[in-house]
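**Q** Got a file for you: run.pdb, PDB, C-alpha atoms.
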MODEL        1
ATOM      1  CA  MET A  12     -47.365 -17.180 -78.183
ATOM      2  CA  PRO A  13     -50.733 -16.558 -76.656
ATOM      3  CA  ASP A  14     -52.129 -19.114 -74.233
ATOM      4  CA  VAL A  15     -54.743 -21.451 -75.702
ATOM      5  CA  PHE A  16     -56.658 -21.624 -72.483
ATOM      6  CA  VAL A  17     -56.635 -19.038 -69.782
ATOM      7  CA  SER A  18     -58.545 -19.756 -66.641
ATOM      8  CA  PRO A  19     -60.945 -16.877 -66.015
ATOM      9  CA  LYS A  20     -59.978 -14.862 -62.966
ATOM     10  CA  LYS A  21     -62.436 -15.244 -60.181
ATOM     11  CA  ASP A  22     -63.943 -12.105 -58.806
ATOM     12  CA  ILE A  23     -62.631 -12.789 -55.330
ATOM     13  CA  GLN A  24     -63.735  -9.475 -53.921
ATOM     14  CA  ASN A  25     -67.272 -10.052 -55.094
ATOM     15  CA  SER A  26     -67.512 -13.523 -53.573
ATOM     16  CA  VAL A  27     -66.228 -12.250 -50.231
ATOM     17  CA  ALA A  28     -68.662  -9.383 -50.379
ATOM     18  CA  THR A  29     -71.507 -11.821 -51.048
ATOM     19  CA  GLU A  30     -70.562 -13.864 -47.982
ATOM     20  CA  GLU A  31     -70.357 -10.798 -45.827
ATOM     21  CA  THR A  32     -73.701  -9.478 -46.952
ATOM     22  CA  THR A  33     -75.487 -12.706 -45.920
ATOM     23  CA  VAL A  34     -78.125 -11.282 -43.646
ATOM     24  CA  PRO A  35     -77.968 -12.890 -40.200
ATOM     25  CA  ILE A  36     -81.331 -13.973 -38.815
ATOM     26  CA  LEU A  37     -80.448 -12.645 -35.397
ATOM     27  CA  PRO A  38     -81.017  -8.887 -35.137
ATOM     28  CA  GLU A  39     -78.008  -6.686 -34.331
ATOM     29  CA  ARG A  40     -79.374  -5.764 -30.935
ATOM     30  CA  GLN A  41     -81.897  -7.315 -28.618
ATOM     31  CA  PRO A  42     -85.406  -6.032 -29.452
ATOM     32  CA  LYS A  43     -86.944  -4.338 -26.428
ATOM     33  CA  THR A  44     -90.267  -2.901 -27.513
ATOM     34  CA  GLU A  45     -93.214  -4.895 -28.810
ATOM     35  CA  ALA A  46     -93.005  -3.070 -32.175
ATOM     36  CA  GLU A  47     -89.375  -4.162 -32.578
ATOM     37  CA  LYS A  48     -90.275  -7.759 -31.710
ATOM     38  CA  SER A  49     -93.270  -7.810 -34.063
ATOM     39  CA  ALA A  50     -91.040  -6.780 -36.958
ATOM     40  CA  ILE A  51     -88.970  -9.959 -36.555
ATOM     41  CA  PRO A  52     -90.159 -12.953 -38.602
ATOM     42  CA  GLY A  53     -90.971 -15.862 -36.296
ATOM     43  CA  HIS A  54     -92.161 -13.699 -33.412
ATOM     44  CA  SER A  55     -95.554 -14.948 -32.306
ATOM     45  CA  HIS A  56     -98.120 -14.455 -29.572
ATOM     46  CA  ASN A  57     -99.563 -17.927 -29.902
ATOM     47  CA  PRO A  58     -98.682 -19.890 -26.734
ATOM     48  CA  LEU A  59     -98.996 -23.135 -28.693
ATOM     49  CA  SER A  60     -96.501 -22.073 -31.340
ATOM     50  CA  ALA A  61     -93.636 -24.496 -31.996
ATOM     51  CA  PHE A  62     -91.199 -21.785 -33.130
ATOM     52  CA  TYR A  63     -91.188 -18.785 -30.861
ATOM     53  CA  PHE A  64     -88.591 -16.100 -31.685
ATOM     54  CA  TYR A  65     -88.060 -13.532 -28.920
ATOM     55  CA  PRO A  66     -91.038 -14.867 -26.965
ATOM     56  CA  ASP A  67     -93.009 -12.772 -24.478
ATOM     57  CA  HIS A  68     -93.648 -13.779 -20.870
ATOM     58  CA  ILE A  69     -91.530 -16.928 -21.007
ATOM     59  CA  ASP A  70     -89.815 -17.945 -17.828
ATOM     60  CA  PHE A  71     -88.107 -21.036 -16.499
ATOM     61  CA  GLU A  72     -86.850 -22.137 -13.116
ATOM     62  CA  SER A  73     -83.110 -21.631 -13.574
ATOM     63  CA  ARG A  74     -83.214 -18.420 -15.643
ATOM     64  CA  ALA A  75     -80.769 -15.763 -14.492
ATOM     65  CA  LYS A  76     -82.109 -12.255 -13.920
ATOM     66  CA  GLU A  77     -80.289 -10.687 -16.888
ATOM     67  CA  GLU A  78     -80.772 -13.702 -19.152
ATOM     68  CA  LYS A  79     -83.008 -13.106 -22.195
ATOM     69  CA  VAL A  80     -84.868 -15.888 -23.972
ATOM     70  CA  VAL A  81     -84.119 -15.671 -27.687
ATOM     71  CA  LEU A  82     -85.836 -18.760 -28.977
ATOM     72  CA  LEU A  83     -88.352 -21.235 -27.642
ATOM     73  CA  LEU A  84     -88.923 -24.410 -29.590
ATOM     74  CA  ARG A  85     -91.021 -27.489 -29.264
ATOM     75  CA  GLN A  86     -91.759 -30.297 -31.675
ATOM     76  CA  HIS A  87     -93.653 -29.357 -34.818
ATOM     77  CA  MET A  88     -97.443 -29.440 -34.427
ATOM     78  CA  ILE A  89     -97.637 -32.187 -37.049
ATOM     79  CA  VAL A  90     -96.059 -34.750 -34.660
ATOM     80  CA  ASN A  91     -99.317 -34.625 -32.687
ATOM     81  CA  VAL A  92    -101.343 -36.071 -35.556
ATOM     82  CA  LYS A  93    -100.623 -39.655 -34.479
ATOM     83  CA  TRP A  94    -102.085 -39.375 -30.974
ATOM     84  CA  VAL A  95    -104.935 -37.093 -32.122
ATOM     85  CA  LEU A  96    -106.039 -39.718 -34.667
ATOM     86  CA  ALA A  97    -105.616 -42.483 -32.051
ATOM     87  CA  THR A  98    -107.791 -40.473 -29.624
ATOM     88  CA  ILE A  99    -110.532 -40.045 -32.257
ATOM     89  CA  VAL A 100    -110.528 -43.795 -32.972
ATOM     90  CA  ILE A 101    -110.533 -44.714 -29.242
ATOM     91  CA  PHE A 102    -113.365 -42.227 -28.662
ATOM     92  CA  PHE A 103    -115.730 -44.171 -30.928
ATOM     93  CA  VAL A 104    -114.967 -47.621 -29.470
ATOM     94  CA  PRO A 105    -117.920 -47.644 -26.971
ATOM     95  CA  SER A 106    -120.374 -46.721 -29.762
ATOM     96  CA  VAL A 107    -119.050 -49.507 -31.983
ATOM     97  CA  ALA A 108    -119.110 -51.967 -29.055
ATOM     98  CA  ARG A 109    -122.758 -51.031 -28.417
ATOM     99  CA  MET A 110    -123.594 -51.619 -32.098
ATOM    100  CA  PHE A 111    -122.169 -55.140 -31.847
ATOM    101  CA  GLY A 112    -124.075 -55.823 -28.625
ATOM    102  CA  VAL A 113    -120.993 -56.220 -26.431
ATOM    103  CA  PHE A 114    -122.773 -54.665 -23.434
ATOM    104  CA  SER A 115    -125.980 -56.688 -23.783
ATOM    105  CA  SER A 116    -124.740 -59.459 -21.479
ATOM    106  CA  LEU A 117    -123.843 -57.040 -18.661
ATOM    107  CA  PRO A 118    -126.182 -56.077 -15.812
ATOM    108  CA  SER A 119    -127.774 -52.628 -15.900
ATOM    109  CA  GLY A 120    -125.439 -49.869 -14.761
ATOM    110  CA  PHE A 121    -122.245 -51.542 -15.931
ATOM    111  CA  GLU A 122    -122.641 -50.203 -19.475
ATOM    112  CA  LEU A 123    -122.850 -46.619 -18.212
ATOM    113  CA  ILE A 124    -119.858 -46.943 -15.872
ATOM    114  CA  ILE A 125    -117.694 -48.737 -18.451
ATOM    115  CA  THR A 126    -118.515 -46.092 -21.081
ATOM    116  CA  MET A 127    -117.781 -43.229 -18.690
ATOM    117  CA  ALA A 128    -114.538 -44.843 -17.518
ATOM    118  CA  TRP A 129    -113.519 -45.387 -21.149
ATOM    119  CA  TYR A 130    -114.021 -41.714 -21.968
ATOM    120  CA  LEU A 131    -112.109 -40.757 -18.819
ATOM    121  CA  VAL A 132    -109.108 -42.839 -19.867
ATOM    122  CA  THR A 133    -109.357 -41.459 -23.430
ATOM    123  CA  ILE A 134    -109.294 -37.893 -22.088
ATOM    124  CA  ALA A 135    -106.328 -38.747 -19.858
ATOM    125  CA  TYR A 136    -104.448 -40.272 -22.810
ATOM    126  CA  ALA A 137    -104.996 -37.165 -24.950
ATOM    127  CA  PHE A 138    -104.222 -34.803 -22.073
ATOM    128  CA  GLU A 139    -100.973 -36.551 -21.164
ATOM    129  CA  ASN A 140     -99.829 -36.510 -24.798
ATOM    130  CA  PHE A 141    -100.663 -32.828 -25.044
ATOM    131  CA  LEU A 142     -98.802 -32.031 -21.806
ATOM    132  CA  SER A 143     -95.821 -34.033 -22.980
ATOM    133  CA  TRP A 144     -95.721 -32.056 -26.258
ATOM    134  CA  TYR A 145     -96.408 -28.712 -24.614
ATOM    135  CA  PHE A 146     -93.825 -28.928 -21.819
ATOM    136  CA  ASN A 147     -91.038 -30.627 -23.792
ATOM    137  CA  VAL A 148     -89.334 -27.445 -24.895
ATOM    138  CA  TYR A 149     -85.948 -26.348 -26.097
ATOM    139  CA  ILE A 150     -84.910 -22.888 -24.988
ATOM    140  CA  VAL A 151     -82.113 -20.815 -26.475
ATOM    141  CA  THR A 152     -81.154 -17.770 -24.429
ATOM    142  CA  ASP A 153     -78.436 -15.188 -24.985
ATOM    143  CA  MET A 154     -76.256 -17.238 -22.583
ATOM    144  CA  ARG A 155     -77.050 -20.916 -23.075
ATOM    145  CA  VAL A 156     -79.235 -23.638 -24.525
ATOM    146  CA  VAL A 157     -81.675 -25.436 -22.236
ATOM    147  CA  ASP A 158     -83.387 -28.737 -22.923
ATOM    148  CA  VAL A 159     -86.456 -29.476 -20.781
ATOM    149  CA  ASP A 160     -87.653 -33.081 -21.061
ATOM    150  CA  PHE A 161     -90.776 -34.428 -19.430
ATOM    151  CA  TYR A 162     -90.625 -38.144 -20.078
ATOM    152  CA  ASN A 163     -93.933 -38.707 -18.309
ATOM    153  CA  LEU A 164     -96.007 -37.021 -15.668
ATOM    154  CA  ILE A 165     -93.681 -37.965 -12.847
ATOM    155  CA  TYR A 166     -90.183 -37.643 -14.365
ATOM    156  CA  LYS A 167     -88.497 -34.561 -15.761
ATOM    157  CA  GLU A 168     -84.935 -33.734 -16.838
ATOM    158  CA  VAL A 169     -83.526 -30.269 -17.412
ATOM    159  CA  SER A 170     -80.076 -29.926 -18.991
ATOM    160  CA  ASP A 171     -78.239 -26.870 -20.223
ATOM    161  CA  ALA A 172     -74.948 -25.789 -21.786
ATOM    162  CA  ASN A 173     -73.392 -22.346 -22.062
ATOM    163  CA  LEU A 174     -73.051 -20.980 -25.578
ATOM    164  CA  ASN A 175     -69.265 -20.837 -25.272
ATOM    165  CA  LYS A 176     -69.244 -24.612 -24.630
ATOM    166  CA  ILE A 177     -70.975 -25.355 -27.928
ATOM    167  CA  GLN A 178     -68.602 -26.882 -30.456
ATOM    168  CA  ASP A 179     -70.770 -27.754 -33.399
ATOM    169  CA  VAL A 180     -74.343 -27.283 -34.606
ATOM    170  CA  THR A 181     -75.765 -29.528 -37.322
ATOM    171  CA  TYR A 182     -79.261 -30.200 -38.598
ATOM    172  CA  ASN A 183     -81.038 -32.662 -40.849
ATOM    173  CA  MET A 184     -84.398 -32.798 -42.585
ATOM    174  CA  GLY A 185     -84.850 -36.293 -44.010
ATOM    175  CA  GLY A 186     -88.201 -37.578 -45.229
ATOM    176  CA  VAL A 187     -91.239 -36.402 -47.146
ATOM    177  CA  ALA A 188     -93.263 -35.089 -44.193
ATOM    178  CA  ARG A 189     -90.265 -33.142 -42.893
ATOM    179  CA  ALA A 190     -89.603 -31.585 -46.286
ATOM    180  CA  VAL A 191     -93.261 -30.656 -46.766
ATOM    181  CA  PHE A 192     -93.790 -29.210 -43.291
ATOM    182  CA  ASN A 193     -90.242 -27.842 -42.958
ATOM    183  CA  TYR A 194     -89.136 -29.456 -39.743
ATOM    184  CA  GLY A 195     -86.147 -31.528 -38.703
ATOM    185  CA  ASP A 196     -83.601 -32.312 -36.016
ATOM    186  CA  VAL A 197     -80.905 -29.984 -34.742
ATOM    187  CA  PHE A 198     -77.893 -31.560 -33.026
ATOM    188  CA  ILE A 199     -75.689 -29.467 -30.791
ATOM    189  CA  GLN A 200     -72.330 -30.906 -29.723
ATOM    190  CA  THR A 201     -70.973 -29.373 -26.570
ATOM    191  CA  ALA A 202     -67.977 -29.559 -24.266
ATOM    192  CA  ALA A 203     -70.354 -29.327 -21.309
ATOM    193  CA  GLU A 204     -71.469 -32.138 -19.018
ATOM    194  CA  VAL A 205     -74.135 -33.169 -21.525
ATOM    195  CA  PRO A 206     -72.162 -33.890 -24.720
ATOM    196  CA  GLU A 207     -75.051 -33.520 -27.171
ATOM    197  CA  PHE A 208     -78.356 -31.686 -27.234
ATOM    198  CA  ASP A 209     -80.899 -33.027 -29.671
ATOM    199  CA  PHE A 210     -83.674 -30.659 -30.687
ATOM    200  CA  LEU A 211     -85.942 -33.195 -32.337
ATOM    201  CA  ALA A 212     -88.592 -32.435 -34.970
ATOM    202  CA  VAL A 213     -88.358 -28.673 -34.546
ATOM    203  CA  PRO A 214     -89.675 -26.265 -37.213
ATOM    204  CA  ASN A 215     -87.180 -24.384 -39.415
ATOM    205  CA  PRO A 216     -84.080 -26.365 -38.328
ATOM    206  CA  ASP A 217     -81.897 -24.308 -40.706
ATOM    207  CA  LYS A 218     -82.950 -21.075 -39.007
ATOM    208  CA  VAL A 219     -82.484 -22.611 -35.562
ATOM    209  CA  ALA A 220     -78.922 -23.674 -36.403
ATOM    210  CA  LYS A 221     -78.196 -20.215 -37.845
ATOM    211  CA  ILE A 222     -79.601 -18.418 -34.813
ATOM    212  CA  ILE A 223     -77.496 -20.540 -32.448
ATOM    213  CA  GLU A 224     -74.379 -19.960 -34.566
ATOM    214  CA  ASP A 225     -75.059 -16.204 -34.615
ATOM    215  CA  LEU A 226     -75.493 -16.218 -30.842
ATOM    216  CA  ILE A 227     -72.208 -18.106 -30.394
ATOM    217  CA  THR A 228     -70.436 -15.563 -32.625
ATOM    218  CA  LYS A 229     -72.030 -12.690 -30.746
ATOM    219  CA  THR A 230     -71.109 -14.223 -27.382
ATOM    220  CA  SER A 231     -67.494 -14.812 -28.373
ATOM    221  CA  LYS A 232     -67.248 -11.215 -29.684
ATOM    222  CA  ASN A 233     -68.716  -9.811 -26.487
ATOM    223  CA  GLY A 234     -66.601 -12.142 -24.376
ATOM    224  CA  ARG A 235     -69.532 -13.278 -22.281
ATOM    225  CA  ASN A 236     -69.747 -16.574 -20.436
ATOM    226  CA  THR A 237     -66.017 -16.744 -20.094
TER     227      THR A 237
ATOM    228  CA  MET B  25    -128.449 -62.426 -16.585
ATOM    229  CA  MET B  26    -127.943 -64.942 -13.785
ATOM    230  CA  ILE B  27    -124.433 -66.044 -12.933
ATOM    231  CA  ASN B  28    -123.827 -68.714 -10.307
ATOM    232  CA  PRO B  29    -122.177 -67.381  -7.162
ATOM    233  CA  ILE B  30    -118.656 -68.551  -6.343
ATOM    234  CA  PHE B  31    -118.290 -69.601  -2.695
ATOM    235  CA  GLY B  32    -121.610 -67.885  -2.037
ATOM    236  CA  VAL B  33    -120.427 -64.494  -3.378
ATOM    237  CA  SER B  34    -122.022 -63.064  -6.541
ATOM    238  CA  ILE B  35    -119.534 -62.614  -9.382
ATOM    239  CA  TRP B  36    -120.919 -59.110 -10.018
ATOM    240  CA  LEU B  37    -120.111 -58.103  -6.478
ATOM    241  CA  VAL B  38    -116.503 -59.140  -7.111
ATOM    242  CA  VAL B  39    -116.539 -57.148 -10.380
ATOM    243  CA  LYS B  40    -118.014 -54.138  -8.560
ATOM    244  CA  VAL B  41    -115.292 -54.229  -5.894
ATOM    245  CA  ALA B  42    -112.606 -54.613  -8.587
ATOM    246  CA  ALA B  43    -114.085 -51.674 -10.565
ATOM    247  CA  LEU B  44    -114.156 -49.506  -7.428
ATOM    248  CA  ILE B  45    -110.533 -50.361  -6.617
ATOM    249  CA  LEU B  46    -109.475 -49.488 -10.199
ATOM    250  CA  LEU B  47    -111.455 -46.242 -10.195
ATOM    251  CA  GLY B  48    -110.038 -45.407  -6.752
ATOM    252  CA  MET B  49    -106.520 -45.874  -8.117
ATOM    253  CA  TYR B  50    -107.437 -43.700 -11.079
ATOM    254  CA  LEU B  51    -108.674 -41.051  -8.652
ATOM    255  CA  VAL B  52    -105.240 -41.010  -7.010
ATOM    256  CA  PHE B  53    -103.654 -40.746 -10.471
ATOM    257  CA  SER B  54    -105.871 -37.708 -11.255
ATOM    258  CA  LEU B  55    -104.675 -36.066  -8.038
ATOM    259  CA  VAL B  56    -101.072 -36.758  -9.069
ATOM    260  CA  VAL B  57    -101.809 -35.160 -12.466
ATOM    261  CA  VAL B  58    -103.107 -31.980 -10.779
ATOM    262  CA  ARG B  59    -100.049 -31.882  -8.515
ATOM    263  CA  GLN B  60     -97.689 -32.515 -11.421
ATOM    264  CA  ILE B  61     -99.264 -29.752 -13.520
ATOM    265  CA  LYS B  62     -98.502 -27.349 -10.670
ATOM    266  CA  LEU B  63     -94.886 -28.524 -10.642
ATOM    267  CA  LEU B  64     -94.598 -28.218 -14.431
ATOM    268  CA  ILE B  65     -95.902 -24.681 -14.268
ATOM    269  CA  THR B  66     -93.375 -23.697 -11.610
ATOM    270  CA  THR B  67     -90.615 -25.151 -13.825
ATOM    271  CA  LEU B  68     -91.820 -23.440 -16.992
ATOM    272  CA  THR B  69     -94.064 -20.462 -17.605
ATOM    273  CA  LEU B  70     -95.139 -20.497 -21.213
ATOM    274  CA  GLY B  71     -98.371 -18.508 -21.309
ATOM    275  CA  PHE B  72    -100.994 -21.269 -21.454
ATOM    276  CA  GLU B  73    -101.109 -22.213 -17.788
ATOM    277  CA  ALA B  74    -104.694 -21.327 -16.865
ATOM    278  CA  PRO B  75    -106.452 -23.628 -19.394
ATOM    279  CA  ILE B  76    -104.116 -26.512 -18.459
ATOM    280  CA  VAL B  77    -104.763 -26.112 -14.722
ATOM    281  CA  ILE B  78    -108.531 -25.861 -15.333
ATOM    282  CA  PHE B  79    -108.465 -28.968 -17.513
ATOM    283  CA  GLY B  80    -106.527 -30.840 -14.803
ATOM    284  CA  TYR B  81    -109.241 -30.001 -12.277
ATOM    285  CA  ILE B  82    -112.023 -30.955 -14.731
ATOM    286  CA  HIS B  83    -110.282 -34.301 -15.209
ATOM    287  CA  LEU B  84    -110.128 -34.781 -11.415
ATOM    288  CA  ALA B  85    -113.812 -33.840 -11.050
ATOM    289  CA  PHE B  86    -114.746 -36.333 -13.789
ATOM    290  CA  ALA B  87    -112.747 -39.070 -12.017
ATOM    291  CA  ILE B  88    -114.534 -38.317  -8.694
ATOM    292  CA  LEU B  89    -117.912 -38.304 -10.474
ATOM    293  CA  ILE B  90    -117.303 -41.715 -12.043
ATOM    294  CA  PHE B  91    -116.064 -43.183  -8.751
ATOM    295  CA  LEU B  92    -119.209 -41.987  -6.964
ATOM    296  CA  ALA B  93    -121.423 -43.143  -9.853
ATOM    297  CA  ALA B  94    -119.837 -46.595  -9.699
ATOM    298  CA  LEU B  95    -120.369 -46.692  -5.921
ATOM    299  CA  VAL B  96    -124.084 -45.881  -6.306
ATOM    300  CA  ILE B  97    -125.044 -47.547  -9.608
ATOM    301  CA  LEU B  98    -123.113 -50.839  -9.596
TER     302      LEU B  98
ENDMDL
END
Mind turning the file's structure into structure tokens?

**A**
Amino acid sequence: MPDVFVSPKKDIQNSVATEETTVPILPERQPKTEAEKSAIPGHSHNPLSAFYFYPDHIDFESRAKEEKVVLLLRQHMIVNVKWVLATIVIFFVPSVARMFGVFSSLPSGFELIITMAWYLVTIAYAFENFLSWYFNVYIVTDMRVVDVDFYNLIYKEVSDANLNKIQDVTYNMGGVARAVFNYGDVFIQTAAEVPEFDFLAVPNPDKVAKIIEDLITKTSKNGRNT
Amino acid sequence: MMINPIFGVSIWLVVKVAALILLGMYLVFSLVVVRQIKLLITTLTLGFEAPIVIFGYIHLAFAILIFLAALVIL
């Protein structure tokens, strides 16, 4: 008697082949020439870029001689909107105060000094926010991940973990702004001294996670960092 | 505008001294910023160092200018 229902056989070979042909983001070998680097999506020459794949002329204090920087990340440019808007509003405060006659009761000279001092503090506020964004970077090299945090102008923290100490890489992209501008958080669990590295608000978190996973695979194949 | 002196000292003189102390402290802060930028750059070289250093010095020059202006004008 023929079977009424026969489950269709899955094309196992095909599904395996599909998985294997998933193109890794990381190139097979380290690009050396500028032409090779330029061919890689994400490579940029903009020093203010938030996603910098195989960056040029990047160096940091604890970099080993043979260590190559694969990825440099900082928070997405859009996170700066808040302080930029605040700076614009603060910038117009003296003009508004003058319109309402706030300075009329002050002796001559005070208005000029107060206005100049106000602009000085406004510039300092914007400059410190910019420096904080610019120097808070996450670096992925072919050996390790490095997190450089500048909490303010007088306190910095640099932590790193070797790729072979990384246990898990996850990312999330919750929220409208993050979906629209394609940025999110990447969390790296490690067996190193620092148990978790949080790459917050970085562009293309999916690519970042994939690149780190590819580097871990490559490292374990090559048997480096052991 | 006339304001009665307190213990024989004009209130605006007190305000001037307070403003100079605050601006003097800000001047020290600007120097710290310049110093810190140098330290940041030695920690990380990212390709945008020159404009940041120049801006740090402009900020310091502006702070000195305002301190001197306050000393002369107030």

**Q** Between chain B and chain A, at 8 Å or less, what are the per-residue closest atom pairs and their distances in Å? Count all atoms listed in the file, order by chain and rising residue number, and return it as CSV.

**A**
residue,atom,partner,partner_atom,distance
B:Met25,CA,A:Pro118,CA,6.8
B:Val57,CA,A:Leu164,CA,6.9
B:Gln60,CA,A:Leu164,CA,6.4
B:Leu64,CA,A:Phe146,CA,7.5
B:Thr66,CA,A:Glu72,CA,6.9
B:Thr67,CA,A:Glu72,CA,4.9
B:Leu68,CA,A:Phe71,CA,4.5
B:Thr69,CA,A:Asp70,CA,4.9
B:Leu70,CA,A:Ile69,CA,5.1
B:Gly71,CA,A:Pro58,CA,5.6
B:Phe72,CA,A:Pro58,CA,5.9
B:His83,CA,A:Ala135,CA,7.6
B:Phe86,CA,A:Leu131,CA,7.2
B:Ala87,CA,A:Leu131,CA,7.0
B:Ile90,CA,A:Met127,CA,6.8
B:Ala93,CA,A:Ile124,CA,7.3
B:Ala94,CA,A:Ile124,CA,6.2
B:Ile97,CA,A:Gly120,CA,5.7
B:Leu98,CA,A:Gly120,CA,5.7

**Q** Interatomic distance between CA of Arg85 (chain A) and CA of Ile177 (chain A)?

**A**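 Separating CA of Arg85 (chain A) from CA of Ile177 (chain A) is a distance of 20.2 Å.
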
**Q** To box region 178-182 of chain A, take all atoms listed in the file, fit an axis-aligned box, add 4 Å on each side, and give centre and edge lengths in Å to one decimal, as lines of an AutoDock Vina configuration file.

**A**
center_x = -73.9
center_y = -28.5
center_z = -34.5
size_x = 18.7
size_y = 11.3
size_z = 16.1

**Q** For a quick check of understanding, using only C-alpha atoms, which of B:Ile45, B:Val58, B:Leu95, B:Leu51 has the smallest distance to Val77 (chain B)?

**A**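 Nearest to Val77 (chain B): B:Val58.
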
**Q** Show me, as a PyMOL selection string, the residues that have an atom within 9 Å of region 104-107 of chain A when counting only C-alpha atoms, minus same-chain residues fewer than 4 positions from it.

**A** chain A and resi 100+111-113+125-126+129-130

**Q** Any chance you can output those residues with C-alpha atoms as a PDB file, in the coordinates of the input?

**A**
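out12.pdb was written with the following content:
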ATOM      1  CA  VAL A 100    -110.528 -43.795 -32.972  1.00  0.00           C
ATOM      2  CA  PHE A 111    -122.169 -55.140 -31.847  1.00  0.00           C
ATOM      3  CA  GLY A 112    -124.075 -55.823 -28.625  1.00  0.00           C
ATOM      4  CA  VAL A 113    -120.993 -56.220 -26.431  1.00  0.00           C
ATOM      5  CA  ILE A 125    -117.694 -48.737 -18.451  1.00  0.00           C
ATOM      6  CA  THR A 126    -118.515 -46.092 -21.081  1.00  0.00           C
ATOM      7  CA  TRP A 129    -113.519 -45.387 -21.149  1.00  0.00           C
ATOM      8  CA  TYR A 130    -114.021 -41.714 -21.968  1.00  0.00           C
TER       9      TYR A 130
END

**Q** Would you compute the distance between CA of Asn215 (chain A) and CA of Phe62 (chain A)? Give it in Å to one decimal.

**A**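 Those two atoms sit 7.9 Å apart.
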
**Q** Do a neighbour search on Pro214 (chain A) at 9 Å with all atoms listed in the file, toss out local chain neighbours closer than 3 positions, and write the hits as a ChimeraX atom specification.

**A** /A:61-62,84-88,189,192-196,217-219

**Q** For the residues selected in the previous step, produce a file with C-alpha atoms as an mmCIF file, keeping the file's coordinate frame.

**A**
data_model
loop_
_atom_site.group_PDB
_atom_site.id
_atom_site.type_symbol
_atom_site.label_atom_id
_atom_site.label_comp_id
_atom_site.auth_asym_id
_atom_site.auth_seq_id
_atom_site.Cartn_x
_atom_site.Cartn_y
_atom_site.Cartn_z
ATOM 1 C CA ALA A 61 -93.636 -24.496 -31.996
ATOM 2 C CA PHE A 62 -91.199 -21.785 -33.130
ATOM 3 C CA LEU A 84 -88.923 -24.410 -29.590
ATOM 4 C CA ARG A 85 -91.021 -27.489 -29.264
ATOM 5 C CA GLN A 86 -91.759 -30.297 -31.675
ATOM 6 C CA HIS A 87 -93.653 -29.357 -34.818
ATOM 7 C CA MET A 88 -97.443 -29.440 -34.427
ATOM 8 C CA ARG A 189 -90.265 -33.142 -42.893
ATOM 9 C CA PHE A 192 -93.790 -29.210 -43.291
ATOM 10 C CA ASN A 193 -90.242 -27.842 -42.958
ATOM 11 C CA TYR A 194 -89.136 -29.456 -39.743
ATOM 12 C CA GLY A 195 -86.147 -31.528 -38.703
ATOM 13 C CA ASP A 196 -83.601 -32.312 -36.016
ATOM 14 C CA ASP A 217 -81.897 -24.308 -40.706
ATOM 15 C CA LYS A 218 -82.950 -21.075 -39.007
ATOM 16 C CA VAL A 219 -82.484 -22.611 -35.562
#

**Q** Measuring between all atoms listed in the file, which one of A:Val187, A:Ala97, A:Ala203, A:Val151 shows the shortest distance to Ile222 (chain A)?

**A** A:Val151

**Q** Could you state the separation of CA of Phe91 (chain B) and CA of Lys40 (chain B) in Å, given to one decimal place?

**A**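 One can read the CA of Phe91 (chain B) to CA of Lys40 (chain B) distance as 11.1 Å.
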
**Q** Which residue gives the smallest distance to Ser170 (chain A) among A:Val205, A:Ala137, A:Met184, A:Ile223, with only C-alpha atoms counted?

**A**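 The answer is A:Val205, which sits nearest to Ser170 (chain A).
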
**Q** Using the chain letters and residue numbers of this document, give as a PyMOL selection string the residues selected by the PyMOL selection byres ((chain A and resi 199) around 10).

**A** chain A and resi 156+172+177-182+196-198+200-201+206-210+220+223

**Q** For Tyr136 (chain A), which residue out of B:Ile61, B:Ser54, B:Met49, B:Val38 is the nearest one, using all atoms listed in the file?

**A**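 Closest residue, counting all atoms listed in the file: B:Ser54.
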